[in-house]
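Worksheet: one structure, shown below.
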Amino acid sequence: LAKRQQDGEAGPGSSPGQNCKRVNFQRTANGMTMRLQCAGELAMDTTMTYTYDSPRHYTVTMNSTGKRGGATIKSITTIDARRVGECPQ
């Protein structure tokens, strides 16, 4: 999966049987924006915006819409990430 993500062929949460493509990627002065479209059993269109406000803190907002079994799915996820220290050995 990591190689497929790097090549723009898969996104976070991609699973086997899904066809995901990165259709847009832009770097900004303090982050990046990426748009993924996935086809398959769960068809999704997701835009992710990463904002880095320091070397120790960033936020991510993910807006997703899709369809599964005829039902419309909408999701907004916000992540607030902070470095808290070294990883244990």
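Convention: chains lettered A, B, ... in structure tokens order; per-chain residue numbering from 1; ligands numbered from 1 as shown.
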
Contacts between range 23-35 of chain A and range 42-74 of chain A, please, where a residue of range 42-74 of chain A counts if it comes within 6 Å (with only C-alpha atoms); show its shortest atom pair and distance in Å to one decimal, rows by chain and ascending number, as a Markdown table.
```
| residue | atom | partner | partner_atom | distance |
| --- | --- | --- | --- | --- |
| A:Thr46 | CA | A:Arg35 | CA | 5.6 |
| A:Thr47 | CA | A:Arg35 | CA | 4.3 |
| A:Met48 | CA | A:Met34 | CA | 5.2 |
| A:Thr49 | CA | A:Thr33 | CA | 4.4 |
| A:Tyr50 | CA | A:Gly31 | CA | 5.2 |
| A:Thr51 | CA | A:Gly31 | CA | 4.5 |
| A:Tyr52 | CA | A:Asn30 | CA | 5.3 |
```

For Ser64 in chain A, find every residue with an atom within 6 Å (counting only C-alpha atoms), except residues of its own chain fewer than 3 positions away, and show them as a CSV table (one decimal) with N, CA and C atoms, in the first residue's frame.
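Final output, saved to part16.csv:
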```
chain,number,residue,atom,x,y,z
A,45,ASP,N,-14.7,10.5,-2.9
A,45,ASP,CA,-14.0,11.7,-3.3
A,45,ASP,C,-13.5,12.4,-2.1
A,46,THR,N,-12.2,12.5,-1.8
A,46,THR,CA,-11.7,13.0,-0.6
A,46,THR,C,-10.7,14.2,-0.9
A,74,LYS,N,-21.1,11.2,3.8
A,74,LYS,CA,-20.4,12.4,3.9
A,74,LYS,C,-19.6,12.4,5.2
A,75,SER,N,-18.4,12.8,5.2
A,75,SER,CA,-17.6,12.8,6.4
A,75,SER,C,-16.6,13.9,6.4
```

Item to check | In chain A, DSSP alpha helix (DSSP H) residues written as a list in words | outcome: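 Answer for chain A, restricted to alpha helix (DSSP H): Ala2, Lys3, Arg4, Gln5 and Gln6 of chain A.
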
Non-local contacts of range 78-81 of chain A (7 Å; only C-alpha atoms; under 6 positions in same chain excluded) as a PDB file with all heavy atoms, in the first residue's frame:
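Produced file out12.pdb, reproduced below:
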```pdb
ATOM      1  N   HIS A  57       3.871  20.825  15.301  1.00  0.00           N
ATOM      2  CA  HIS A  57       2.411  20.827  15.313  1.00  0.00           C
ATOM      3  C   HIS A  57       1.851  21.018  13.903  1.00  0.00           C
ATOM      4  O   HIS A  57       2.350  21.826  13.128  1.00  0.00           O
ATOM      5  CB  HIS A  57       1.896  21.955  16.206  1.00  0.00           C
ATOM      6  CG  HIS A  57       0.408  21.997  16.278  1.00  0.00           C
ATOM      7  ND1 HIS A  57      -0.350  22.888  15.555  1.00  0.00           N
ATOM      8  CD2 HIS A  57      -0.461  21.240  16.982  1.00  0.00           C
ATOM      9  CE1 HIS A  57      -1.630  22.683  15.822  1.00  0.00           C
ATOM     10  NE2 HIS A  57      -1.731  21.687  16.672  1.00  0.00           N
ATOM     11  N   TYR A  58       0.791  20.242  13.581  1.00  0.00           N
ATOM     12  CA  TYR A  58       0.083  20.439  12.318  1.00  0.00           C
ATOM     13  C   TYR A  58      -1.362  19.991  12.470  1.00  0.00           C
ATOM     14  O   TYR A  58      -1.717  19.282  13.409  1.00  0.00           O
ATOM     15  CB  TYR A  58       0.763  19.701  11.158  1.00  0.00           C
ATOM     16  CG  TYR A  58       0.717  18.197  11.222  1.00  0.00           C
ATOM     17  CD1 TYR A  58      -0.308  17.494  10.588  1.00  0.00           C
ATOM     18  CD2 TYR A  58       1.698  17.479  11.885  1.00  0.00           C
ATOM     19  CE1 TYR A  58      -0.343  16.107  10.625  1.00  0.00           C
ATOM     20  CE2 TYR A  58       1.673  16.105  11.933  1.00  0.00           C
ATOM     21  CZ  TYR A  58       0.648  15.417  11.297  1.00  0.00           C
ATOM     22  OH  TYR A  58       0.614  14.050  11.344  1.00  0.00           O
ATOM     23  N   THR A  59      -2.193  20.427  11.535  1.00  0.00           N
ATOM     24  CA  THR A  59      -3.594  19.995  11.499  1.00  0.00           C
ATOM     25  C   THR A  59      -3.890  19.420  10.121  1.00  0.00           C
ATOM     26  O   THR A  59      -3.238  19.774   9.128  1.00  0.00           O
ATOM     27  CB  THR A  59      -4.570  21.156  11.787  1.00  0.00           C
ATOM     28  OG1 THR A  59      -4.347  22.188  10.830  1.00  0.00           O
ATOM     29  CG2 THR A  59      -4.388  21.705  13.193  1.00  0.00           C
ATOM     30  N   VAL A  60      -4.863  18.526  10.082  1.00  0.00           N
ATOM     31  CA  VAL A  60      -5.323  17.939   8.828  1.00  0.00           C
ATOM     32  C   VAL A  60      -6.845  18.008   8.837  1.00  0.00           C
ATOM     33  O   VAL A  60      -7.476  17.680   9.847  1.00  0.00           O
ATOM     34  CB  VAL A  60      -4.897  16.457   8.684  1.00  0.00           C
ATOM     35  CG1 VAL A  60      -5.359  15.888   7.353  1.00  0.00           C
ATOM     36  CG2 VAL A  60      -3.406  16.279   8.864  1.00  0.00           C
ATOM     37  N   THR A  61      -7.417  18.427   7.723  1.00  0.00           N
ATOM     38  CA  THR A  61      -8.864  18.370   7.547  1.00  0.00           C
ATOM     39  C   THR A  61      -9.140  17.515   6.326  1.00  0.00           C
ATOM     40  O   THR A  61      -8.562  17.744   5.261  1.00  0.00           O
ATOM     41  CB  THR A  61      -9.464  19.774   7.355  1.00  0.00           C
ATOM     42  OG1 THR A  61      -9.142  20.570   8.483  1.00  0.00           O
ATOM     43  CG2 THR A  61     -10.972  19.711   7.195  1.00  0.00           C
ATOM     44  N   MET A  62      -9.996  16.495   6.498  1.00  0.00           N
ATOM     45  CA  MET A  62     -10.376  15.614   5.401  1.00  0.00           C
ATOM     46  C   MET A  62     -11.874  15.722   5.182  1.00  0.00           C
ATOM     47  O   MET A  62     -12.660  15.498   6.103  1.00  0.00           O
ATOM     48  CB  MET A  62     -10.013  14.161   5.716  1.00  0.00           C
ATOM     49  CG  MET A  62      -8.529  13.925   5.822  1.00  0.00           C
ATOM     50  SD  MET A  62      -8.099  12.197   6.110  1.00  0.00           S
ATOM     51  CE  MET A  62      -8.547  12.033   7.819  1.00  0.00           C
TER      52      MET A  62
END
```

### Query
If you run DSSP on the backbone, which residues of range 29-71 of chain A are strand (DSSP E or B), as number ranges by chain?
A: 31-39, 43-54, 57-68, 71

Create the file for the chosen residues now, containing C-alpha atoms and written as an mmCIF file, in the first residue's frame.
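Below is the file that was written, part_31.cif:
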```cif
data_model
loop_
_atom_site.group_PDB
_atom_site.id
_atom_site.type_symbol
_atom_site.label_atom_id
_atom_site.label_comp_id
_atom_site.auth_asym_id
_atom_site.auth_seq_id
_atom_site.Cartn_x
_atom_site.Cartn_y
_atom_site.Cartn_z
ATOM 1 C CA GLY A 31 1.279 22.741 3.992
ATOM 2 C CA MET A 32 -0.324 20.838 1.152
ATOM 3 C CA THR A 33 -3.678 19.900 -0.334
ATOM 4 C CA MET A 34 -4.437 16.568 -1.961
ATOM 5 C CA ARG A 35 -7.557 15.197 -3.654
ATOM 6 C CA LEU A 36 -8.204 11.469 -4.042
ATOM 7 C CA GLN A 37 -10.923 9.707 -5.995
ATOM 8 C CA CYS A 38 -11.686 6.047 -5.343
ATOM 9 C CA ALA A 39 -13.904 3.733 -7.371
ATOM 10 C CA ALA A 43 -16.752 5.187 -4.308
ATOM 11 C CA MET A 44 -15.231 8.218 -2.536
ATOM 12 C CA ASP A 45 -13.962 11.699 -3.347
ATOM 13 C CA THR A 46 -11.705 13.043 -0.584
ATOM 14 C CA THR A 47 -9.885 16.353 -0.185
ATOM 15 C CA MET A 48 -7.189 16.545 2.503
ATOM 16 C CA THR A 49 -5.613 19.802 3.659
ATOM 17 C CA TYR A 50 -2.476 19.689 5.815
ATOM 18 C CA THR A 51 -1.416 22.884 7.616
ATOM 19 C CA TYR A 52 1.964 22.977 9.390
ATOM 20 C CA ASP A 53 2.205 25.814 11.886
ATOM 21 C CA SER A 54 5.475 24.675 13.514
ATOM 22 C CA HIS A 57 2.411 20.827 15.313
ATOM 23 C CA TYR A 58 0.083 20.439 12.318
ATOM 24 C CA THR A 59 -3.594 19.995 11.499
ATOM 25 C CA VAL A 60 -5.323 17.939 8.828
ATOM 26 C CA THR A 61 -8.864 18.370 7.547
ATOM 27 C CA MET A 62 -10.376 15.614 5.401
ATOM 28 C CA ASN A 63 -13.659 16.156 3.563
ATOM 29 C CA SER A 64 -15.096 13.012 1.970
ATOM 30 C CA THR A 65 -18.227 12.246 0.011
ATOM 31 C CA GLY A 66 -19.173 8.965 -1.549
ATOM 32 C CA LYS A 67 -21.686 6.246 -2.226
ATOM 33 C CA ARG A 68 -22.002 2.696 -0.976
ATOM 34 C CA ALA A 71 -26.451 5.413 0.224
#
```

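Counting from CA of Lys21 in chain A, the distance to CA of Ile76 in chain A is 19.8 Å.
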
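The two atoms in question, CA of Pro55 in chain A and CA of Arg22 in chain A, are spaced 25.8 Å apart.
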
Problem - d(CA of Gln18 in chain A, CA of Leu42 in chain A) in Å - result: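 Distance reported for this atom pair: 7.5 Å.
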
task = Return the single residue from A:Cys20, A:Ile73, A:Arg83, A:Pro88 that is closest to Arg56 in chain A, with distances computed using only C-alpha atoms.
result =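 Ranked by minimum distance to Arg56 in chain A, first place goes to A:Arg83.
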